[in-house]
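Report on the structure given below.
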Amino acid sequence: MKKITVLSAALFLLFAFTTVSNWSVDNAHSKLTFTVTHLGISDVSGLFKNFDVKIASSKEDFSDASFDLSADVASINTEVDMRDNHLKSADFFDAEKYPKLTFKSTGITTVAKNQYKLTGNLTLHGITKQVTMDLLYRGTVENPMSKKATSGFQVTGVIKRSDFSIGEKFPAPMISDEVRIKADGEFTK
């Protein structure tokens with residue numbers, strides 16, 4: 001009986017002093033972008049204008065953080081309306097059938113101080129694949145305007161559009177299979 005009481009007390013103390021902080025994205029200071037190579041000679045970049053990201057972490061260095069992202073596929077913007085409409089069509093993202101892309105982290109590994117490998121499930125075009133991205137924690141400051149703690153992150157990595165059956169009619173010499181991802185974000189508690 002004493003062992004159960006001691007174990008219960010230890011678990012209570014562990015959970016009582018472990019506080020998870022929840023962070024929300026500040027969209028005005030955040031961007032979710034992608035870049036492909038066109039005809040093997042030039043880069044074309046775009047972004048998703050409407051997205052939401054939530055972070056939960058109990059450690060100040062975010063070494064145990066979990067990330068949850070959702071973006072509206074129809075908010076894709078490459079600064080060329082004709083291309084944006086084509087990307088929203090069934091030839092590429094099929095935004096009507098697959099209106100959201102999501103990423104839910106499943107693990108985080110420390111590489112160096114404030115540098116991590118972030119692994120998670122990316123769902124795009126109705127297909128879910130595990131991906132690993134580089135995560136840079138840029139620090140936490142008090143925002144002088146809002147007086148709130150504000151943390152900054154950058155995520156970079158590469159995915160293959162063929163893994164998600166996107167743009168199958170367009171071979172890699174026309175549009176690169178590799179898609180470079182870069183996301184910069186500010187988050188507040």
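How things are named: the first chain in the structure tokens is A, the next is B, and so on; residues count from 1 in each chain; ligands count from 1 in the order shown.
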
(request) Could you give me, as a PyMOL selection string, the residues within 7 Å of segment 121-135 of chain A, counting only C-alpha atoms and dropping anything in the same chain fewer than 6 positions from it? (result) chain A and resi 93+98+101-105+115+153-157+164

(message) Residues near Ile159 of chain A, anyone? I mean within 7 Å using only C-alpha atoms, not counting same-chain ones fewer than 2 positions away, as JSON, numbers by chain.
(response) {"A": [157, 161, 178, 179, 180]}

(message) Report as a ChimeraX atom specification all protein, DNA and RNA residues lying within 12 Å of Ser89 of chain A, evaluated on only C-alpha atoms, omitting residues in the same chain fewer than 5 positions from it.
(response) /A:73-74,76,82-84,94-99,125,166-167

(request) Once DSSP has gone over the backbone, tell me which residues of segment 4-188 of chain A are in helix (DSSP H, G or I), as a PyMOL selection string. (result) chain A and resi 4-16+27-29+73-75+81-88+161-164

Please, could you write that set of residues out with N, CA, C and O atoms as a CSV table (one decimal), in the first residue's frame?
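The result, stored in selection-v3.csv:
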chain,number,residue,atom,x,y,z
A,4,ILE,N,2.1,2.2,-3.5
A,4,ILE,CA,1.1,2.8,-4.3
A,4,ILE,C,1.0,4.3,-3.9
A,4,ILE,O,0.9,5.2,-4.8
A,5,THR,N,1.0,4.6,-2.7
A,5,THR,CA,0.9,6.0,-2.2
A,5,THR,C,2.1,6.8,-2.6
A,5,THR,O,1.9,7.9,-3.1
A,6,VAL,N,3.3,6.2,-2.5
A,6,VAL,CA,4.5,7.0,-2.9
A,6,VAL,C,4.5,7.2,-4.4
A,6,VAL,O,4.8,8.3,-4.9
A,7,LEU,N,4.1,6.2,-5.2
A,7,LEU,CA,4.0,6.3,-6.6
A,7,LEU,C,3.0,7.4,-7.0
A,7,LEU,O,3.2,8.2,-7.9
A,8,SER,N,1.8,7.3,-6.4
A,8,SER,CA,0.8,8.3,-6.6
A,8,SER,C,1.3,9.7,-6.3
A,8,SER,O,1.0,10.7,-7.1
A,9,ALA,N,2.0,9.9,-5.2
A,9,ALA,CA,2.5,11.2,-4.8
A,9,ALA,C,3.5,11.7,-5.9
A,9,ALA,O,3.5,12.9,-6.3
A,10,ALA,N,4.4,10.8,-6.3
A,10,ALA,CA,5.4,11.1,-7.3
A,10,ALA,C,4.8,11.6,-8.6
A,10,ALA,O,5.2,12.6,-9.2
A,11,LEU,N,3.8,10.8,-9.1
A,11,LEU,CA,3.1,11.2,-10.3
A,11,LEU,C,2.3,12.5,-10.2
A,11,LEU,O,2.3,13.3,-11.1
A,12,PHE,N,1.7,12.7,-9.0
A,12,PHE,CA,1.0,14.0,-8.8
A,12,PHE,C,2.0,15.2,-8.9
A,12,PHE,O,1.7,16.2,-9.5
A,13,LEU,N,3.2,15.0,-8.2
A,13,LEU,CA,4.2,16.1,-8.3
A,13,LEU,C,4.7,16.3,-9.7
A,13,LEU,O,4.9,17.5,-10.1
A,14,LEU,N,4.9,15.2,-10.4
A,14,LEU,CA,5.4,15.3,-11.8
A,14,LEU,C,4.4,16.1,-12.6
A,14,LEU,O,4.8,17.0,-13.4
A,15,PHE,N,3.1,15.8,-12.6
A,15,PHE,CA,2.1,16.5,-13.4
A,15,PHE,C,1.8,17.9,-12.8
A,15,PHE,O,1.4,18.7,-13.6
A,16,ALA,N,1.9,18.0,-11.5
A,16,ALA,CA,1.6,19.3,-11.0
A,16,ALA,C,2.6,20.4,-11.4
A,16,ALA,O,2.2,21.6,-11.5
A,27,ASN,N,-0.3,35.5,-37.6
A,27,ASN,CA,-0.3,35.5,-39.1
A,27,ASN,C,0.3,36.7,-39.7
A,27,ASN,O,0.8,36.6,-40.8
A,28,ALA,N,0.2,37.9,-39.1
A,28,ALA,CA,0.7,39.1,-39.6
A,28,ALA,C,2.2,39.0,-39.7
A,28,ALA,O,2.8,39.8,-40.5
A,29,HIS,N,2.9,38.2,-39.0
A,29,HIS,CA,4.3,38.0,-39.0
A,29,HIS,C,4.8,36.6,-39.3
A,29,HIS,O,5.8,36.2,-38.8
A,73,VAL,N,-6.0,25.2,-49.0
A,73,VAL,CA,-5.3,25.0,-50.3
A,73,VAL,C,-5.7,26.1,-51.3
A,73,VAL,O,-4.9,26.6,-52.1
A,74,ALA,N,-7.0,26.5,-51.3
A,74,ALA,CA,-7.5,27.5,-52.2
A,74,ALA,C,-6.8,28.9,-52.0
A,74,ALA,O,-7.0,29.8,-52.8
A,75,SER,N,-6.1,29.1,-50.9
A,75,SER,CA,-5.4,30.3,-50.6
A,75,SER,C,-4.0,30.4,-51.2
A,75,SER,O,-3.3,31.4,-51.0
A,81,ASP,N,-2.5,35.0,-61.4
A,81,ASP,CA,-3.8,34.4,-61.2
A,81,ASP,C,-4.0,33.2,-62.0
A,81,ASP,O,-4.6,32.2,-61.6
A,82,MET,N,-3.6,33.2,-63.3
A,82,MET,CA,-3.8,32.0,-64.2
A,82,MET,C,-3.1,30.8,-63.6
A,82,MET,O,-3.6,29.7,-63.6
A,83,ARG,N,-1.9,31.0,-63.1
A,83,ARG,CA,-1.1,29.8,-62.5
A,83,ARG,C,-1.8,29.4,-61.2
A,83,ARG,O,-1.9,28.2,-61.0
A,84,ASP,N,-2.2,30.3,-60.4
A,84,ASP,CA,-2.9,30.0,-59.1
A,84,ASP,C,-4.2,29.1,-59.4
A,84,ASP,O,-4.4,28.1,-58.7
A,85,ASN,N,-4.9,29.5,-60.4
A,85,ASN,CA,-6.2,28.8,-60.7
A,85,ASN,C,-5.8,27.4,-61.3
A,85,ASN,O,-6.5,26.4,-61.0
A,86,HIS,N,-4.7,27.3,-62.0
A,86,HIS,CA,-4.3,26.0,-62.5
A,86,HIS,C,-3.8,25.1,-61.3
A,86,HIS,O,-4.2,23.9,-61.3
A,87,LEU,N,-3.1,25.7,-60.4
A,87,LEU,CA,-2.7,24.9,-59.2
A,87,LEU,C,-3.8,24.4,-58.4
A,87,LEU,O,-3.8,23.4,-57.8
A,88,LYS,N,-4.9,25.2,-58.3
A,88,LYS,CA,-6.1,24.8,-57.5
A,88,LYS,C,-6.9,23.7,-58.2
A,88,LYS,O,-7.7,23.0,-57.6
A,161,ARG,N,6.6,16.2,-54.7
A,161,ARG,CA,5.2,16.3,-55.1
A,161,ARG,C,4.7,15.0,-55.6
A,161,ARG,O,3.5,14.7,-55.4
A,162,SER,N,5.6,14.1,-56.2
A,162,SER,CA,5.1,12.8,-56.6
A,162,SER,C,4.7,11.9,-55.5
A,162,SER,O,3.8,11.1,-55.7
A,163,ASP,N,5.2,12.1,-54.3
A,163,ASP,CA,4.7,11.4,-53.1
A,163,ASP,C,3.3,11.6,-52.8
A,163,ASP,O,2.6,10.9,-52.1
A,164,PHE,N,2.8,12.8,-53.3
A,164,PHE,CA,1.4,13.2,-53.0
A,164,PHE,C,0.5,13.2,-54.2
A,164,PHE,O,-0.6,13.8,-54.2

(request) Have a look at A:Gly107, A:Ser176, A:Ala112, A:Lys182 and name the one nearest to Asp64 of chain A; count only C-alpha atoms. (result)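 Closest residue, counting only C-alpha atoms: A:Gly107.
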
(message) Report, in Å with one decimal, the straight-line distance from atom CA of Asp177 of chain A to atom CA of Thr37 of chain A.
(response)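 Between these atoms lies a distance of 8.5 Å.
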